[in-house]
Amino acid sequence: MKVSVSPGHNINGTLIMPIFEGTESVPESHAEGMHTALKSQVNMVLGEGDFKGKAKSTMSLVGTEGGKAMLVGLGKKEDADVHAYRKAGAAVVAARKKSLGTELTVRFSGAPVDCMGSFAEGMMLRDYSFDNYKAEDEDKEDELEVRVTCDAGQEKELSSLIHTLAGVTSGVHLSRDLGNMPPNDMYPEAFADQAWEWAKEFDNVQVTIINYDQAQKAGMGGLVAVGMGSSRKPCMVIFEMNSDKKGRGPMLVGKGITFDTGGISLKPGANMDEMKYDMGGSATVFGTMQALAATGFEGKVTAITCMAENMPAANAQRPGDVITTLSGKTIEVLNTDAEGRLVLSDGLWKAGEFDPEYIIDFATLTGACVVALGHEATGLWSNDDDFRTRIHEAGNAVGELAWPMPLLPAFEKEMTDSKIADTRNLGAGRWGGANTAAAFLKQFVPNRNYEKDGEQIPWAHMDIAGTYWGAKTNTMVGNGATGVHVRTMYHLITNG
């Protein structure tokens with residue numbers, strides 16, 4: 001989608017008209033340049049209440065003598081914030097028919113710049129498809145060209161905002177692409193290769209790949225154990241942006257299980273194809289780095305993705321194994337399908353080497369989180385209440401809900417209740433599974449500079465098992481991977 005901004009009032013192609021609930025006639029700001037017949041038709045529809053302007057509702061109209069329009073509802077005027085505008089923009093793209101053409105002119109009625117930008121953002125986020133594996137469609141439409149009109153004096157600010165939002169959207173779309181890729185083409189080394197090639201596009205980004213042999217020599221027992229049963233061996237990918245800048249910067253860590261069979265603790269066959277999405281955490285991390293790079297962010301940011309394919313094989317890890325992680329802590333493996341936390345144990349500990357300001361990990365970690373929060377919210381745990389609140393508020397600011405969850409000492413105690421190792425990878429029962437998983441991860445968050453009695457680095461864990469895919473109520477997504485929390489992280493990082 002190409003989006004341009006113009007203070008002019010000419011109509012190119014189909015006119016998109018955001019309408020508040022209760023509007024009974026064409027607003028004056030919409031009317032300029034409209035074909036008389038089309039204006040009469042819109043007035044009739046609004047006057048008779050055929051289109052009420054309810055949030056996200058749409059209606060397409062074609063004038064009897066020319067001109068095309070789509071009405072889109074913003075809901076009640078007093079409730080029409082940036083989120084309402086974003087959802088309305090997405091609704092336009094979701095409902096648009098080929099008959100409306102590929103040229104669209106969006107005309108607002110006295111909207112603030114941030115709301116106009118949010119409407120364009122919704123359009124860009126929803127204008128996504130993953131059709132790389134389909135035969136080429138000879139009737140495929142050209143790229144959408146959207147012209148957003150504004151009042152004189154608003155053009156520069158709105159253009160700048162939309163340019164930034166387009167860069168962030170490119171990160172969301174990259175995250176979706178990575179998640180939607182089939183697992184025969186998206187495996188650990190394929191992810192690493194893509195990251196390596198991507199980094200060549202930017203002067204301020206470096207990518208380092210720790211391969212299987214190097215991971216073994218370094219003592220990354222969690223990463224190695226999960227991936228050693230696959231012919232496609234595990235690796236760790238490290239992203240560094242503006243690493244020459246002094247001081248501490250954010251650290252993002254992503255779970256990257258490119259396909260999860262459950263290993264020896266084999267999953268049921270039904271819907272196992274969805275386990276290609278189990279690398280959603282690493283996709284979120286990569287997408288966030290793309291969003292930051294595309295918008296020219298000048299601060300220091302580092303990220304680690306822990307990539308593995310969890311397969312059953314003669315040389316796969318077994319329930320009952322004890323592994324030694326990068327931290328030196330041992331883990332009793334009680335279930336090989338609780339593998340994401342194993343790769344993250346090494347990623348979190350490795351993160352401490354960069355002395356980050358804070359660490360946030362992302363993982364499609366537990367079905368228990370989906371049971372608790374459905375597909376509506378990400379689970380959010382932290383060792384720092386203020387930091388957890390900052391992330392929660394960043395998610396609210398962009399319409400991506402991250403719900404605070406408890407990190408109780410009892411959960412931590414439960415995960416250290418192993419008779420033969422320092423910790424175990426499974427709780428004692430079925431209850432609170434998302435919480436015990438977070439408590440497990442907390443054990444591998446290093447203290448500042450690895451000092452034995454030092455203060456633990458501020459850390460948060462985001463369980464995106466319910467929000468990275470299957471989120472059918474997410475207006476910004478048609479199907480498949482959602483790219484959730486790229487925008488949350490962009491907001492958090494760029495706002496300090």
# chains A, B, ... in the order shown; residues from 1 in each chain; ligands from 1
$ residues_around --residues "A:Asn425" --least-positions-apart "3" --cutoff "7 Å" --atoms "only C-alpha atoms" --output "list of chain:residue names"
A:Ile331, A:Glu332, A:Val333, A:Leu334, A:Ala338
$ write_last_selection --atoms "N, CA and C atoms" --output "PDB file, in the first residue's frame"
ATOM      1  N   ILE A 331      18.825 -28.833  34.796  1.00  0.00           N
ATOM      2  CA  ILE A 331      17.376 -28.938  34.659  1.00  0.00           C
ATOM      3  C   ILE A 331      16.993 -30.397  34.474  1.00  0.00           C
ATOM      4  N   GLU A 332      16.059 -30.853  35.277  1.00  0.00           N
ATOM      5  CA  GLU A 332      15.471 -32.172  35.078  1.00  0.00           C
ATOM      6  C   GLU A 332      14.336 -32.021  34.060  1.00  0.00           C
ATOM      7  N   VAL A 333      14.472 -32.729  32.948  1.00  0.00           N
ATOM      8  CA  VAL A 333      13.476 -32.648  31.878  1.00  0.00           C
ATOM      9  C   VAL A 333      12.382 -33.673  32.162  1.00  0.00           C
ATOM     10  N   LEU A 334      11.215 -33.194  32.528  1.00  0.00           N
ATOM     11  CA  LEU A 334      10.088 -34.077  32.821  1.00  0.00           C
ATOM     12  C   LEU A 334       9.136 -34.216  31.636  1.00  0.00           C
ATOM     13  N   ALA A 338       7.776 -29.171  27.038  1.00  0.00           N
ATOM     14  CA  ALA A 338       8.011 -27.910  27.748  1.00  0.00           C
ATOM     15  C   ALA A 338       9.411 -27.441  27.367  1.00  0.00           C
TER      16      ALA A 338
END
$ closest_atom_pairs --of "stretch 391-471 of chain A" --to "stretch 108-118 of chain A" --cutoff "12 Å" --atoms "only C-alpha atoms" --output "JSON lines"
{"residue": "A:Ala397", "atom": "CA", "partner": "A:Ser118", "partner_atom": "CA", "distance": 11.5}
{"residue": "A:Val398", "atom": "CA", "partner": "A:Ser118", "partner_atom": "CA", "distance": 9.5}
{"residue": "A:Gly399", "atom": "CA", "partner": "A:Ser118", "partner_atom": "CA", "distance": 10.9}
$ write_last_selection --atoms "C-alpha atoms" --output "mmCIF file, in the first residue's frame"
data_model
loop_
_atom_site.group_PDB
_atom_site.id
_atom_site.type_symbol
_atom_site.label_atom_id
_atom_site.label_comp_id
_atom_site.auth_asym_id
_atom_site.auth_seq_id
_atom_site.Cartn_x
_atom_site.Cartn_y
_atom_site.Cartn_z
ATOM 1 C CA ALA A 397 -1.259 2.915 23.865
ATOM 2 C CA VAL A 398 -1.208 0.927 20.612
ATOM 3 C CA GLY A 399 -4.198 -1.333 21.257
#
$ closest_residue --among "A:Gly73, A:Ala294, A:Thr494, A:Asn447" --to "A:Ala394" --atoms "only C-alpha atoms"
A:Thr494
$ select_by_dssp --residues "stretch 223-407 of chain A" --states "strand (DSSP E or B)" --output "PyMOL selection string"
chain A and resi 235-241+250-260+301-310+322-324+330-332+358-363+378-382+402-404
$ select_by_dssp --residues "stretch 248-327 of chain A" --states "helix (DSSP H, G or I)" --output "PyMOL selection string"
chain A and resi 272-294
$ closest_residue --among "A:Ile264, A:Leu178, A:Met241, A:Met311" --to "A:Gly227" --atoms "only C-alpha atoms"
A:Met311
$ residues_around --residues "stretch 147-159 of chain A" --least-positions-apart "5" --cutoff "8 Å" --atoms "only C-alpha atoms" --output "short mmCIF file (atom, residue, chain, number, x, y, z; two decimals) with C-alpha atoms, in the first residue's frame"
data_model
loop_
_atom_site.label_atom_id
_atom_site.label_comp_id
_atom_site.auth_asym_id
_atom_site.auth_seq_id
_atom_site.Cartn_x
_atom_site.Cartn_y
_atom_site.Cartn_z
CA VAL A 3 -0.06 6.27 1.28
CA SER A 4 0.35 9.93 0.41
CA VAL A 5 -0.87 13.10 2.09
CA SER A 6 -2.38 16.13 0.38
CA PRO A 7 -4.08 19.30 1.64
CA GLY A 8 -6.07 19.41 -1.61
CA HIS A 9 -9.66 18.23 -1.93
CA ASN A 12 -8.86 10.22 -6.73
CA GLU A 103 -7.20 4.35 -5.84
CA LEU A 104 -8.74 5.60 -2.59
CA THR A 105 -9.11 9.11 -1.18
CA VAL A 106 -9.70 9.33 2.58
CA ARG A 107 -11.39 12.52 3.70
CA PHE A 108 -11.88 13.35 7.37
CA VAL A 113 -3.50 14.48 13.09
CA ASP A 114 -2.92 11.51 15.41
CA MET A 116 -5.83 10.55 10.82
CA GLY A 117 -2.47 8.80 11.13
CA ALA A 120 -3.93 5.13 7.82
#
$ residues_around --residues "A:Ser60" --least-positions-apart "3" --cutoff "12 Å" --atoms "only C-alpha atoms" --output "list in words"
Thr14, Leu15, Ile16, Met17, Leu38, Gln41, Val42, Val45, Asp50, Phe51, Ser57, Gly63, Gly67, Lys68, Ala69, Met70, Leu71, Val72, Gly73, Val92, Val93, Ala95, Arg96, Lys97, Lys98, Ser99, Leu100 and Gly101 of chain A
$ write_last_selection --atoms "C-alpha atoms" --output "PDB file, in the first residue's frame"
ATOM      1  CA  THR A  14     -13.165   5.948  -4.441  1.00  0.00           C
ATOM      2  CA  LEU A  15     -13.919   8.391  -1.636  1.00  0.00           C
ATOM      3  CA  ILE A  16     -13.549   6.904   1.850  1.00  0.00           C
ATOM      4  CA  MET A  17     -15.759   8.741   4.340  1.00  0.00           C
ATOM      5  CA  LEU A  38     -23.372  10.340  -5.160  1.00  0.00           C
ATOM      6  CA  GLN A  41     -27.326   8.912  -2.429  1.00  0.00           C
ATOM      7  CA  VAL A  42     -25.157   9.267   0.690  1.00  0.00           C
ATOM      8  CA  VAL A  45     -28.623   6.515   3.236  1.00  0.00           C
ATOM      9  CA  ASP A  50     -29.570   2.781   6.576  1.00  0.00           C
ATOM     10  CA  PHE A  51     -26.008   3.519   7.696  1.00  0.00           C
ATOM     11  CA  SER A  57     -19.380  -0.793  10.055  1.00  0.00           C
ATOM     12  CA  GLY A  63     -23.540   6.913  -7.718  1.00  0.00           C
ATOM     13  CA  GLY A  67     -18.535   8.409  -8.350  1.00  0.00           C
ATOM     14  CA  LYS A  68     -17.848   5.745  -5.743  1.00  0.00           C
ATOM     15  CA  ALA A  69     -17.717   5.971  -1.979  1.00  0.00           C
ATOM     16  CA  MET A  70     -17.357   3.817   1.099  1.00  0.00           C
ATOM     17  CA  LEU A  71     -18.821   4.907   4.412  1.00  0.00           C
ATOM     18  CA  VAL A  72     -17.025   3.614   7.504  1.00  0.00           C
ATOM     19  CA  GLY A  73     -18.293   4.016  11.051  1.00  0.00           C
ATOM     20  CA  VAL A  92     -12.120  -0.336   5.098  1.00  0.00           C
ATOM     21  CA  VAL A  93      -9.459  -2.679   3.749  1.00  0.00           C
ATOM     22  CA  ALA A  95     -14.536  -4.828   3.412  1.00  0.00           C
ATOM     23  CA  ARG A  96     -13.236  -3.274   0.190  1.00  0.00           C
ATOM     24  CA  LYS A  97     -14.329  -4.942  -3.052  1.00  0.00           C
ATOM     25  CA  LYS A  98     -12.435  -4.939  -6.332  1.00  0.00           C
ATOM     26  CA  SER A  99     -15.227  -2.855  -7.851  1.00  0.00           C
ATOM     27  CA  LEU A 100     -14.049   0.088  -5.732  1.00  0.00           C
ATOM     28  CA  GLY A 101     -10.692   0.110  -7.523  1.00  0.00           C
TER      29      GLY A 101
END
$ residues_around --residues "A:Thr102" --least-positions-apart "3" --cutoff "9 Å" --atoms "only C-alpha atoms" --output "JSON, numbers by chain"
{"A": [13, 14, 98, 99, 141, 142, 143, 144, 145, 146]}
$ write_last_selection --atoms "C-alpha atoms" --output "PDB file, in the first residue's frame"
ATOM      1  CA  GLY A  13     -10.854   7.029  -7.256  1.00  0.00           C
ATOM      2  CA  THR A  14     -13.165   5.948  -4.441  1.00  0.00           C
ATOM      3  CA  LYS A  98     -12.435  -4.939  -6.332  1.00  0.00           C
ATOM      4  CA  SER A  99     -15.227  -2.855  -7.851  1.00  0.00           C
ATOM      5  CA  GLU A 141      -4.987  -6.123  -8.360  1.00  0.00           C
ATOM      6  CA  ASP A 142      -2.318  -3.468  -8.433  1.00  0.00           C
ATOM      7  CA  GLU A 143      -1.038  -2.115  -5.130  1.00  0.00           C
ATOM      8  CA  LEU A 144      -3.507   0.082  -3.274  1.00  0.00           C
ATOM      9  CA  GLU A 145      -2.799   3.801  -3.547  1.00  0.00           C
ATOM     10  CA  VAL A 146      -4.315   5.809  -0.717  1.00  0.00           C
TER      11      VAL A 146
END
$ closest_atom_pairs --of "stretch 142-216 of chain A" --to "stretch 246-262 of chain A" --cutoff "8 Å" --atoms "only C-alpha atoms" --output "JSON lines"
{"residue": "A:Pro183", "atom": "CA", "partner": "A:Phe259", "partner_atom": "CA", "distance": 6.1}
{"residue": "A:Met186", "atom": "CA", "partner": "A:Thr258", "partner_atom": "CA", "distance": 6.5}
{"residue": "A:Tyr187", "atom": "CA", "partner": "A:Thr258", "partner_atom": "CA", "distance": 5.4}
{"residue": "A:Pro188", "atom": "CA", "partner": "A:Thr258", "partner_atom": "CA", "distance": 6.5}
$ write_last_selection --atoms "N, CA and C atoms" --output "short mmCIF file (atom, residue, chain, number, x, y, z; two decimals), in the first residue's frame"
data_model
loop_
_atom_site.label_atom_id
_atom_site.label_comp_id
_atom_site.auth_asym_id
_atom_site.auth_seq_id
_atom_site.Cartn_x
_atom_site.Cartn_y
_atom_site.Cartn_z
N PRO A 183 7.02 -24.72 7.78
CA PRO A 183 8.21 -25.13 8.54
C PRO A 183 9.26 -25.85 7.70
N MET A 186 11.01 -22.56 6.79
CA MET A 186 11.41 -21.70 7.91
C MET A 186 11.89 -22.59 9.05
N TYR A 187 13.19 -22.85 9.06
CA TYR A 187 13.84 -23.67 10.08
C TYR A 187 14.96 -22.83 10.68
N PRO A 188 15.64 -23.29 11.72
CA PRO A 188 16.58 -22.42 12.44
C PRO A 188 17.60 -21.71 11.56
#
$ residues_around --residues "A:Met236" --least-positions-apart "5" --cutoff "7 Å" --atoms "only C-alpha atoms" --output "list in words"
Ile209, Ile210, Asn211, Ile304, Thr305, Cys306 and Met307 of chain A
$ atom_distance --atom1 "atom CA of A:Asp193" --atom2 "atom CA of A:Arg487"
24.4 Å
$ residues_around --residues "stretch 426-434 of chain A" --least-positions-apart "6" --cutoff "8 Å" --atoms "only C-alpha atoms" --output "list in words"
Val333, Leu334, Asn335, Ala338, Leu365, Thr366, Gly367, Ala368, Cys369, Glu414, Met415 and Asp463 of chain A
$ write_last_selection --atoms "N, CA and C atoms" --output "CSV table (one decimal), in the first residue's frame"
chain,number,residue,atom,x,y,z
A,333,VAL,N,14.5,-32.7,32.9
A,333,VAL,CA,13.5,-32.6,31.9
A,333,VAL,C,12.4,-33.7,32.2
A,334,LEU,N,11.2,-33.2,32.5
A,334,LEU,CA,10.1,-34.1,32.8
A,334,LEU,C,9.1,-34.2,31.6
A,335,ASN,N,9.2,-33.3,30.7
A,335,ASN,CA,8.3,-33.3,29.5
A,335,ASN,C,9.1,-32.5,28.4
A,338,ALA,N,7.8,-29.2,27.0
A,338,ALA,CA,8.0,-27.9,27.7
A,338,ALA,C,9.4,-27.4,27.4
A,365,LEU,N,4.5,-19.7,24.8
A,365,LEU,CA,5.0,-20.6,25.8
A,365,LEU,C,4.1,-21.6,26.3
A,366,THR,N,2.8,-21.3,26.6
A,366,THR,CA,2.0,-22.2,27.3
A,366,THR,C,0.5,-22.2,26.8
A,367,GLY,N,-0.1,-23.4,26.7
A,367,GLY,CA,-1.5,-23.4,26.5
A,367,GLY,C,-2.3,-22.9,27.7
A,368,ALA,N,-1.7,-23.0,28.9
A,368,ALA,CA,-2.3,-22.5,30.1
A,368,ALA,C,-2.6,-21.0,30.0
A,369,CYS,N,-1.7,-20.3,29.3
A,369,CYS,CA,-2.0,-18.8,29.2
A,369,CYS,C,-3.2,-18.6,28.3
A,414,GLU,N,8.0,-24.2,43.5
A,414,GLU,CA,7.5,-25.4,42.8
A,414,GLU,C,8.4,-25.9,41.7
A,415,MET,N,9.0,-24.9,41.0
A,415,MET,CA,9.9,-25.3,39.9
A,415,MET,C,11.3,-25.7,40.3
A,463,ASP,N,3.9,-14.0,27.4
A,463,ASP,CA,3.5,-15.2,26.8
A,463,ASP,C,2.4,-14.9,25.7
$ atom_distance --atom1 "atom CA of A:Leu344" --atom2 "atom CA of A:Glu197"
24.3 Å
